[in-house]
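Heads up: the structure comes next, in structure tokens.
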Amino acid sequence: MALQATSSFSIHKEVSLKDCSLFGAPLSTHLKVNFTNKKEFNQRGALKTRAVATTAPSVNRASTDGKKTLRKGTVIITGASSGLGLATAKSLAETGKWHVIMACRDFLKAERAAKSSGISKENYTVMHLDLSSLDSVRQFVGNFKQSGRPLDVLVCNAAVYLPTAKEPTFTADGFELSVGTNHLGHFLLARLLLDDMKKSDYPSKRLIIVGSITGNTNTLAGNVPPKANLGDMRGLAGGINGLNSSAMIDGGDFDGAKAYKDSKVCNMLMMQEFHRRFHEETGITFASLYPGCIATTGLFREHIPLFRLLFPPFQKYITKGYVSEEESGKRLAQVVSDPSLTKSGVYWSWNNNSASFENQLSEEASDVSKAQKIWEISEKLVGLA
Ligand code: LMG
Ligand code: NDP
Ligand code: PMR
């Protein structure tokens, strides 16, 4: 069965209403739920087991009481100036175990956001990154490498959503803005930073790409029109530039909401393709997630005011899919650092008790040949092949 989250309908035939949580009914038992015992899996506990196995002792530093402690991890979070990214940065920073690189397009906004959410200075650094420019992505990678910090976890979180746009807009390199930013910018970033992650001696290295329920057509939310559909990817192959090709991946007419959902499908497919290509060789954990419906974030800034007014109560009281920014940040922080979430190739979701479980992706979002094809086309578009 393909329940996307407890907070959503599955549209699978066998699922009855009582299996769904739209109206708060309990989760059916065949859902694989991962109840994490936080005390059992705290970072120290993980270190004890890992310290034996690791061959890279520099991650362990002797503390005053003679016990070894894990060095502070370094995590890059794109789009950490608001919403989910900011909440995750806060959640990780306040553990004192992470240094967060806030990779943001608006330096001042990010600094202000970090300060006003009370993230202490020693736990974060803001670095400029505009994902809608491949030059900026390369520059960011250069700057990060120069900083001399190791890279332990990369979180591809930033996104734009342009549901009311009548005409496409484009990145500096001429790609339709939502797919160009959410998918292509992140694809180049992750590819260029993979080597740094390989080199890191941290016990659990992770590359996380934020996905969403709305890109998954095996759910009710994924069936609200316009639906994600990459087709045969002729538009992507043509450069999604609206000139000699369509601005849409499938080659169709421009639709901003669809472009966003398509970009999320690309995000989820790329996570799996990274897993297939690099997990065994590098030991890096590749993961994606649906953090819940964070109906109050800046993601909906371009939507009409009436939608912004009604969407949060609709999600809170009707679909029950709503989560606060704080709760969503805790969820993503778990995928970054929880020692029990090290499985690679997984798309995580949470049930109503906020317990994580491995969710099923839609047919398209788990299509191996599409993933391979997008990888190859994207390599060409961002200048890697
Ligand atoms: C497209 O439109 C746009 O064209 C495109 O530009 C882009 O924005 C895209 O996906 C993004 O959407 C989709 C459009 C058509 O959807 C809407 O316009 C609906 C907006 C819904 C958001 C808010 C709904 C507000 C409802 C009122 C709630 C008020 C809150 C009160 C809380 C108080 C509680 C005590 O969408 C469709 O075509 C819909 C097709 C899907 C049909 C599924 C129908 C299932 C119905 C499920 C429940 C709906 C509510 C029932 C109310 C029950 C009352 C108790
Ligand atoms: P927000 O708009 O609050 O956050 C998006 C972030 O991305 C902002 O910090 C924004 O920067 C940044 N960003 C946008 N464009 C660029 C760019 N060109 N370069 C660098 N950064 C950029 O939205 P959310 O927090 O809701 O979204 C975060 C992630 O969560 C996205 O991947 C989204 O798809 C996903 N998601 C969200 C859901 C929700 O319900 N909100 C549900 C499922 C998934 P700035 O602050 O400068 O605008
Ligand atoms: Mg959707 C049944 C559960 C459910 C869930 C969990 C979401 C999540 N949505 C659900 C249902 C519905 N939505 C229904 C029944 C409708 C028709 C009334 C509906 C409509 C709707 C709109 C118009 N929903 C939306 C929109 C948006 O513009 C949002 C979007 O598609 O952004 C791409 C959105 C979302 N609904 C969600 C989530 C998580 C989103 C937005 C964020 C995202 O996927 O990143």
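To be explicit about the labels: the chains of the structure tokens are called A, B, and onward in the order shown, and within each one the residues are counted from 1, while ligands get numbers from 1 in the order they are shown.
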Within 8 Å of ligand 2, counting only C-alpha atoms and all ligand atoms, residues as a VMD selection string: chain A and resid 78 to 86 103 to 106 109 to 110 129 to 133 156 to 161 181 to 182 209 to 214 260 264 289 to 301 322 325
Near range 194-198 of chain A, within 6 Å and counting only C-alpha atoms, which residues show up once chain neighbours fewer than 3 positions away are dropped, as a compact mmCIF listing (two decimals) with N, CA, C and O atoms, in the first residue's frame?
```txt
# COMPACT_ATOMS: atom_id res chain seq x y z
N LEU A 151 33.11 18.44 4.87
CA LEU A 151 31.66 18.43 4.61
C LEU A 151 31.09 17.07 5.02
O LEU A 151 31.47 16.05 4.47
N ASP A 152 30.20 17.09 5.98
CA ASP A 152 29.65 15.84 6.49
C ASP A 152 28.24 15.56 5.97
O ASP A 152 27.90 14.43 5.65
N ALA A 190 25.31 19.29 -5.67
CA ALA A 190 25.55 17.99 -5.04
C ALA A 190 26.69 17.24 -5.74
O ALA A 190 27.53 16.61 -5.10
N ARG A 191 26.71 17.33 -7.06
CA ARG A 191 27.76 16.65 -7.80
C ARG A 191 29.13 17.22 -7.45
O ARG A 191 30.10 16.50 -7.26
N THR A 282 30.90 4.90 -1.65
CA THR A 282 31.26 5.98 -0.73
C THR A 282 30.74 5.79 0.70
O THR A 282 31.23 6.45 1.62
```
Find the residues of chain A that sit at most 12 Å from ligand 1; for each, write down the nearest two atoms and how far apart they are in Å, to one decimal. Count only C-alpha atoms and all ligand atoms. Sort by chain, then by number going up, and give it as JSON lines.
```
{"residue": "A:Ser8", "atom": "CA", "partner": "ligand 1", "partner_atom_place_in_ligand_line": "47 (C)", "distance": 10.8}
{"residue": "A:Phe9", "atom": "CA", "partner": "ligand 1", "partner_atom_place_in_ligand_line": "47 (C)", "distance": 9.9}
{"residue": "A:Ile11", "atom": "CA", "partner": "ligand 1", "partner_atom_place_in_ligand_line": "43 (C)", "distance": 11.2}
{"residue": "A:Leu22", "atom": "CA", "partner": "ligand 1", "partner_atom_place_in_ligand_line": "48 (C)", "distance": 9.3}
{"residue": "A:Phe23", "atom": "CA", "partner": "ligand 1", "partner_atom_place_in_ligand_line": "55 (C)", "distance": 10.3}
{"residue": "A:Tyr161", "atom": "CA", "partner": "ligand 1", "partner_atom_place_in_ligand_line": "11 (C)", "distance": 9.4}
{"residue": "A:Leu162", "atom": "CA", "partner": "ligand 1", "partner_atom_place_in_ligand_line": "8 (O)", "distance": 8.2}
{"residue": "A:Pro163", "atom": "CA", "partner": "ligand 1", "partner_atom_place_in_ligand_line": "8 (O)", "distance": 4.5}
{"residue": "A:Thr164", "atom": "CA", "partner": "ligand 1", "partner_atom_place_in_ligand_line": "6 (O)", "distance": 5.1}
{"residue": "A:Ala165", "atom": "CA", "partner": "ligand 1", "partner_atom_place_in_ligand_line": "6 (O)", "distance": 7.8}
{"residue": "A:Lys166", "atom": "CA", "partner": "ligand 1", "partner_atom_place_in_ligand_line": "6 (O)", "distance": 8.9}
{"residue": "A:Glu167", "atom": "CA", "partner": "ligand 1", "partner_atom_place_in_ligand_line": "6 (O)", "distance": 11.9}
{"residue": "A:Ile213", "atom": "CA", "partner": "ligand 1", "partner_atom_place_in_ligand_line": "10 (O)", "distance": 11.5}
{"residue": "A:Thr214", "atom": "CA", "partner": "ligand 1", "partner_atom_place_in_ligand_line": "10 (O)", "distance": 8.0}
{"residue": "A:Gly215", "atom": "CA", "partner": "ligand 1", "partner_atom_place_in_ligand_line": "10 (O)", "distance": 10.3}
{"residue": "A:Thr219", "atom": "CA", "partner": "ligand 1", "partner_atom_place_in_ligand_line": "43 (C)", "distance": 11.3}
{"residue": "A:Leu220", "atom": "CA", "partner": "ligand 1", "partner_atom_place_in_ligand_line": "43 (C)", "distance": 7.6}
{"residue": "A:Ala221", "atom": "CA", "partner": "ligand 1", "partner_atom_place_in_ligand_line": "41 (C)", "distance": 8.2}
{"residue": "A:Gly222", "atom": "CA", "partner": "ligand 1", "partner_atom_place_in_ligand_line": "10 (O)", "distance": 8.7}
{"residue": "A:Asn223", "atom": "CA", "partner": "ligand 1", "partner_atom_place_in_ligand_line": "41 (C)", "distance": 7.0}
{"residue": "A:Val224", "atom": "CA", "partner": "ligand 1", "partner_atom_place_in_ligand_line": "41 (C)", "distance": 4.9}
{"residue": "A:Pro225", "atom": "CA", "partner": "ligand 1", "partner_atom_place_in_ligand_line": "38 (O)", "distance": 5.5}
{"residue": "A:Pro226", "atom": "CA", "partner": "ligand 1", "partner_atom_place_in_ligand_line": "10 (O)", "distance": 6.0}
{"residue": "A:Lys227", "atom": "CA", "partner": "ligand 1", "partner_atom_place_in_ligand_line": "10 (O)", "distance": 7.9}
{"residue": "A:Ala228", "atom": "CA", "partner": "ligand 1", "partner_atom_place_in_ligand_line": "10 (O)", "distance": 9.9}
{"residue": "A:Phe254", "atom": "CA", "partner": "ligand 1", "partner_atom_place_in_ligand_line": "6 (O)", "distance": 11.0}
{"residue": "A:Asp255", "atom": "CA", "partner": "ligand 1", "partner_atom_place_in_ligand_line": "6 (O)", "distance": 7.5}
{"residue": "A:Gly256", "atom": "CA", "partner": "ligand 1", "partner_atom_place_in_ligand_line": "6 (O)", "distance": 7.0}
{"residue": "A:Ala257", "atom": "CA", "partner": "ligand 1", "partner_atom_place_in_ligand_line": "7 (C)", "distance": 4.9}
{"residue": "A:Lys258", "atom": "CA", "partner": "ligand 1", "partner_atom_place_in_ligand_line": "10 (O)", "distance": 7.5}
{"residue": "A:Ala259", "atom": "CA", "partner": "ligand 1", "partner_atom_place_in_ligand_line": "7 (C)", "distance": 10.2}
{"residue": "A:Tyr260", "atom": "CA", "partner": "ligand 1", "partner_atom_place_in_ligand_line": "11 (C)", "distance": 9.2}
{"residue": "A:Lys261", "atom": "CA", "partner": "ligand 1", "partner_atom_place_in_ligand_line": "10 (O)", "distance": 8.5}
{"residue": "A:Asp262", "atom": "CA", "partner": "ligand 1", "partner_atom_place_in_ligand_line": "10 (O)", "distance": 11.8}
{"residue": "A:Ala295", "atom": "CA", "partner": "ligand 1", "partner_atom_place_in_ligand_line": "22 (C)", "distance": 10.4}
{"residue": "A:Leu299", "atom": "CA", "partner": "ligand 1", "partner_atom_place_in_ligand_line": "11 (C)", "distance": 11.9}
{"residue": "A:Phe300", "atom": "CA", "partner": "ligand 1", "partner_atom_place_in_ligand_line": "8 (O)", "distance": 9.5}
{"residue": "A:Arg301", "atom": "CA", "partner": "ligand 1", "partner_atom_place_in_ligand_line": "8 (O)", "distance": 11.6}
{"residue": "A:Glu302", "atom": "CA", "partner": "ligand 1", "partner_atom_place_in_ligand_line": "8 (O)", "distance": 9.5}
{"residue": "A:His303", "atom": "CA", "partner": "ligand 1", "partner_atom_place_in_ligand_line": "8 (O)", "distance": 6.9}
{"residue": "A:Ile304", "atom": "CA", "partner": "ligand 1", "partner_atom_place_in_ligand_line": "8 (O)", "distance": 8.5}
{"residue": "A:Pro305", "atom": "CA", "partner": "ligand 1", "partner_atom_place_in_ligand_line": "23 (C)", "distance": 11.1}
{"residue": "A:Leu306", "atom": "CA", "partner": "ligand 1", "partner_atom_place_in_ligand_line": "23 (C)", "distance": 8.3}
{"residue": "A:Phe307", "atom": "CA", "partner": "ligand 1", "partner_atom_place_in_ligand_line": "22 (C)", "distance": 5.7}
{"residue": "A:Arg308", "atom": "CA", "partner": "ligand 1", "partner_atom_place_in_ligand_line": "23 (C)", "distance": 8.3}
{"residue": "A:Leu309", "atom": "CA", "partner": "ligand 1", "partner_atom_place_in_ligand_line": "23 (C)", "distance": 8.3}
{"residue": "A:Leu310", "atom": "CA", "partner": "ligand 1", "partner_atom_place_in_ligand_line": "23 (C)", "distance": 5.0}
{"residue": "A:Phe311", "atom": "CA", "partner": "ligand 1", "partner_atom_place_in_ligand_line": "23 (C)", "distance": 4.6}
{"residue": "A:Pro312", "atom": "CA", "partner": "ligand 1", "partner_atom_place_in_ligand_line": "30 (C)", "distance": 7.7}
{"residue": "A:Pro313", "atom": "CA", "partner": "ligand 1", "partner_atom_place_in_ligand_line": "30 (C)", "distance": 4.6}
{"residue": "A:Phe314", "atom": "CA", "partner": "ligand 1", "partner_atom_place_in_ligand_line": "30 (C)", "distance": 4.3}
{"residue": "A:Gln315", "atom": "CA", "partner": "ligand 1", "partner_atom_place_in_ligand_line": "30 (C)", "distance": 7.9}
{"residue": "A:Lys316", "atom": "CA", "partner": "ligand 1", "partner_atom_place_in_ligand_line": "32 (C)", "distance": 7.5}
{"residue": "A:Tyr317", "atom": "CA", "partner": "ligand 1", "partner_atom_place_in_ligand_line": "34 (C)", "distance": 4.9}
{"residue": "A:Ile318", "atom": "CA", "partner": "ligand 1", "partner_atom_place_in_ligand_line": "55 (C)", "distance": 6.5}
{"residue": "A:Thr319", "atom": "CA", "partner": "ligand 1", "partner_atom_place_in_ligand_line": "48 (C)", "distance": 7.3}
{"residue": "A:Lys320", "atom": "CA", "partner": "ligand 1", "partner_atom_place_in_ligand_line": "34 (C)", "distance": 10.4}
```
task: Point out the residue among A:Gly283, A:Asp232, A:Gly238, A:Thr217 with the least atom-to-atom distance to Ala365 in chain A, counting only C-alpha atoms.
output: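 Closest candidate: A:Thr217.
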- request: Would you mind telling me which residue in A:Ser328, A:Gln360, A:Ser245, A:Thr285 lies nearest to ligand 3 when using only C-alpha atoms and all ligand atoms?
  value: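 That would be A:Ser328, the residue with the smallest distance to ligand 3.
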- request: Please run DSSP on the backbone and report, as an MDAnalysis selection string, all residues within range 86-296 of chain A that come out as strand (DSSP E or B).
  value: chainID A and resid 98:104 124:128 153:156 170 176 206:210 219 285:289 293
C-alpha atoms of the current selection, written as a PDB file, in the first residue's frame:
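Just written: out.pdb:
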```pdb
ATOM      1  CA  TRP A  98      26.572  20.867  14.368  1.00  0.00           C
ATOM      2  CA  HIS A  99      28.034  23.830  12.566  1.00  0.00           C
ATOM      3  CA  VAL A 100      25.457  24.941  10.012  1.00  0.00           C
ATOM      4  CA  ILE A 101      26.499  26.545   6.736  1.00  0.00           C
ATOM      5  CA  MET A 102      23.438  28.513   5.724  1.00  0.00           C
ATOM      6  CA  ALA A 103      23.722  28.599   1.913  1.00  0.00           C
ATOM      7  CA  CYS A 104      21.442  31.489   0.960  1.00  0.00           C
ATOM      8  CA  TYR A 124      26.490  28.919  11.970  1.00  0.00           C
ATOM      9  CA  THR A 125      28.064  30.664   8.967  1.00  0.00           C
ATOM     10  CA  VAL A 126      26.096  32.302   6.184  1.00  0.00           C
ATOM     11  CA  MET A 127      27.536  31.779   2.707  1.00  0.00           C
ATOM     12  CA  HIS A 128      26.130  33.183  -0.490  1.00  0.00           C
ATOM     13  CA  VAL A 153      26.052  16.447   5.392  1.00  0.00           C
ATOM     14  CA  LEU A 154      24.507  18.384   2.502  1.00  0.00           C
ATOM     15  CA  VAL A 155      20.819  19.288   2.602  1.00  0.00           C
ATOM     16  CA  CYS A 156      19.261  20.381  -0.707  1.00  0.00           C
ATOM     17  CA  PHE A 170      14.266  31.810 -16.346  1.00  0.00           C
ATOM     18  CA  GLU A 176      12.736  27.574 -16.490  1.00  0.00           C
ATOM     19  CA  ARG A 206      24.504  12.121   4.227  1.00  0.00           C
ATOM     20  CA  LEU A 207      23.105  13.830   1.167  1.00  0.00           C
ATOM     21  CA  ILE A 208      19.481  14.807   1.685  1.00  0.00           C
ATOM     22  CA  ILE A 209      17.217  16.156  -1.040  1.00  0.00           C
ATOM     23  CA  VAL A 210      13.834  17.477   0.104  1.00  0.00           C
ATOM     24  CA  THR A 219      -1.538  10.116  -3.022  1.00  0.00           C
ATOM     25  CA  THR A 285      23.543   7.852   2.929  1.00  0.00           C
ATOM     26  CA  PHE A 286      21.240   9.352   0.294  1.00  0.00           C
ATOM     27  CA  ALA A 287      17.744  10.245   1.462  1.00  0.00           C
ATOM     28  CA  SER A 288      14.663  12.256   0.636  1.00  0.00           C
ATOM     29  CA  LEU A 289      11.610  13.168   2.687  1.00  0.00           C
ATOM     30  CA  CYS A 293       2.512  20.272   5.026  1.00  0.00           C
TER      31      CYS A 293
END
```
message: Let me make sure I understand: among A:Asn216, A:Val59, A:Ser120, A:Lys373, which one has the smallest atom-to-atom distance to ligand 3 if we use only C-alpha atoms and all ligand atoms?
response: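 Between A:Asn216, A:Val59, A:Ser120, A:Lys373, the residue approaching ligand 3 most closely is A:Asn216.
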message: Just want the 7 Å neighbourhood of Ile119 in chain A, counted on only C-alpha atoms, with same-chain residues fewer than 4 positions away dropped. Output as a VMD selection string.
response: chain A and resid 90 93 to 94 114 to 115 123
- prompt: Restricting the calculation to only C-alpha atoms and all ligand atoms, which member of A:Gly329, A:Lys370, A:Glu364, A:Ser178 is positioned closest to ligand 3?
  reply: A:Ser178
message: With distances taken over only C-alpha atoms and all ligand atoms, which residue among A:Leu189, A:Ile284, A:Val323, A:Leu243 lies nearest ligand 3?
response: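 Among the listed residues, the smallest separation from ligand 3 belongs to A:Val323.
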- prompt: Restricting the calculation to only C-alpha atoms and all ligand atoms, which member of A:Pro339, A:Gly321, A:Gly142, A:Gly383 is positioned closest to ligand 3?
  reply: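 The closest residue to ligand 3 is A:Gly321.
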